Every structure is written in structure tokens, then in C-alpha cells.
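Presented below is the structure to which this report refers.
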Amino acid sequence: MFRTAAGVLGIAGVLAAAGAHAAEGRVCTSAPSTPRETMKAFDAATTFTCEGLDGAHQISGLYKQGWTVAHVLPASRSDDGPIRTYWVLVIEKR
């Protein structure tokens, strides 16, 4: 998912900071934009796939399950093709 050392270290730092106060944390990602799109808008309808959680989730559903959003980050990747953008959430349970 993260193609650069800076990206991995950045997410690791966010998780470490969130982990200092959270009992549990996860990273969630939205679907990447298509090659013809720019960054998709972040809104209540944005769906995320979260590590360790089954299915797709919207922000409201995560909160109903007891999760809170610690950070929202824009991200991009190319996978040897056009740059595709997506959203990353760091969620936590206290």
C-alpha cells in the first residue's frame, strides 16, 4: 500500500502517537480514484476498508461500532501507472 519509506514511517508515527492513548487502533483506506479522476471528495458517503474489520465502512458506522477517527490523511500511489489518490483514516477505540 505505501510505496515509500517516508510513507511507512509517517503512518507508523501516527499510529504510535494514537497508540499512546488508544487501547486499539486500525488503518482504513478508501477506494483509489480512477485514472481519469482527481482526488475524490471526503464526505459522509466515503467508504473505507479497515485492517482487521470485515466489509466496507462509512464514518457513521465506525462511530456506531465504538471507533473514533484520530487522523484523516490524503495519500497517493502509482503502481507503475497513473497516480491514484485515496483517503487514509487512523481509527481508535479507547
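All residue names refer to the C-alpha cells as shown: chains lettered A, B, ... in order, residues numbered from 1 in each chain, ligands numbered from 1 in order.
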Task: Polymer residues at most 10 Å from Arg36 of chain A, only C-alpha atoms, same-chain spacing of 6 or more positions, as a PyMOL selection string - done: chain A and resi 82-84
Any chance you can output those residues with N, CA, C and O atoms as a PDB file, in the first residue's frame?
```pdb
ATOM      1  N   PRO A  82      -0.723   5.531 -13.778  1.00  0.00           N
ATOM      2  CA  PRO A  82      -1.110   6.888 -13.382  1.00  0.00           C
ATOM      3  C   PRO A  82      -1.214   6.999 -11.849  1.00  0.00           C
ATOM      4  O   PRO A  82      -1.526   6.020 -11.164  1.00  0.00           O
ATOM      5  N   ILE A  83      -0.962   8.175 -11.343  1.00  0.00           N
ATOM      6  CA  ILE A  83      -1.094   8.402  -9.900  1.00  0.00           C
ATOM      7  C   ILE A  83      -2.556   8.335  -9.517  1.00  0.00           C
ATOM      8  O   ILE A  83      -3.413   8.957 -10.150  1.00  0.00           O
ATOM      9  N   ARG A  84      -2.839   7.545  -8.497  1.00  0.00           N
ATOM     10  CA  ARG A  84      -4.212   7.397  -7.983  1.00  0.00           C
ATOM     11  C   ARG A  84      -4.221   7.875  -6.541  1.00  0.00           C
ATOM     12  O   ARG A  84      -3.320   7.575  -5.764  1.00  0.00           O
TER      13      ARG A  84
END
```
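Taking only C-alpha atoms into account, Ser33 of chain A lies nearest to A:Ser76 out of the set A:Ser76, A:Ala45, A:Gly81, A:Arg94.
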TODO: Please run DSSP on the backbone and report, as a ChimeraX atom specification, all residues within segment 16-70 of chain A that come out as alpha helix (DSSP H).
DONE: /A:16-19,59-64
Keeping all heavy atoms, export the residues of the selection given above as a tab-separated table (two decimals), in the first residue's frame.
```tsv
chain	number	residue	atom	x	y	z
A	16	ALA	N	1.81	5.32	16.40
A	16	ALA	CA	2.48	5.36	17.70
A	16	ALA	C	1.89	6.47	18.56
A	16	ALA	O	1.65	6.27	19.75
A	16	ALA	CB	3.98	5.57	17.51
A	17	ALA	N	1.63	7.62	17.96
A	17	ALA	CA	1.05	8.73	18.71
A	17	ALA	C	-0.37	8.38	19.15
A	17	ALA	O	-0.76	8.65	20.29
A	17	ALA	CB	1.05	10.00	17.86
A	18	ALA	N	-1.15	7.78	18.25
A	18	ALA	CA	-2.51	7.39	18.61
A	18	ALA	C	-2.49	6.28	19.65
A	18	ALA	O	-3.31	6.25	20.56
A	18	ALA	CB	-3.27	6.94	17.36
A	19	GLY	N	-1.53	5.36	19.52
A	19	GLY	CA	-1.45	4.23	20.43
A	19	GLY	C	-1.12	4.62	21.85
A	19	GLY	O	-1.39	3.87	22.78
A	59	ILE	N	-17.98	6.53	7.96
A	59	ILE	CA	-17.61	7.13	9.24
A	59	ILE	C	-18.69	6.88	10.30
A	59	ILE	O	-18.39	6.48	11.43
A	59	ILE	CB	-17.37	8.65	9.09
A	59	ILE	CG1	-16.22	8.92	8.13
A	59	ILE	CG2	-17.14	9.32	10.43
A	59	ILE	CD1	-14.86	8.57	8.64
A	60	SER	N	-19.96	7.09	9.94
A	60	SER	CA	-21.04	6.93	10.92
A	60	SER	C	-21.09	5.50	11.45
A	60	SER	O	-21.32	5.28	12.65
A	60	SER	CB	-22.39	7.32	10.32
A	60	SER	OG	-22.67	6.51	9.19
A	61	GLY	N	-20.86	4.51	10.59
A	61	GLY	CA	-20.88	3.12	11.02
A	61	GLY	C	-19.72	2.79	11.95
A	61	GLY	O	-19.88	2.04	12.91
A	62	LEU	N	-18.56	3.38	11.68
A	62	LEU	CA	-17.41	3.16	12.56
A	62	LEU	C	-17.68	3.72	13.95
A	62	LEU	O	-17.38	3.09	14.96
A	62	LEU	CB	-16.15	3.79	11.96
A	62	LEU	CG	-15.61	3.10	10.69
A	62	LEU	CD1	-14.57	3.97	10.01
A	62	LEU	CD2	-15.04	1.74	11.04
A	63	TYR	N	-18.28	4.91	14.01
A	63	TYR	CA	-18.61	5.50	15.32
A	63	TYR	C	-19.65	4.66	16.05
A	63	TYR	O	-19.55	4.48	17.27
A	63	TYR	CB	-19.09	6.94	15.16
A	63	TYR	CG	-17.94	7.93	15.16
A	63	TYR	CD1	-17.26	8.25	14.00
A	63	TYR	CD2	-17.53	8.53	16.35
A	63	TYR	CE1	-16.20	9.14	14.01
A	63	TYR	CE2	-16.46	9.43	16.37
A	63	TYR	CZ	-15.80	9.72	15.20
A	63	TYR	OH	-14.74	10.59	15.22
A	64	LYS	N	-20.62	4.11	15.33
A	64	LYS	CA	-21.63	3.25	15.96
A	64	LYS	C	-20.99	1.99	16.55
A	64	LYS	O	-21.51	1.42	17.51
A	64	LYS	CB	-22.71	2.87	14.95
A	64	LYS	CG	-23.64	4.01	14.63
A	64	LYS	CD	-24.66	3.62	13.58
A	64	LYS	CE	-25.49	4.83	13.19
A	64	LYS	NZ	-26.40	4.54	12.07
```
Open item on the list: Quick check, in Å to one decimal: how far apart do atom CA of Thr47 of chain A and atom CA of His71 of chain A lie?
Closed with: 15.5 Å
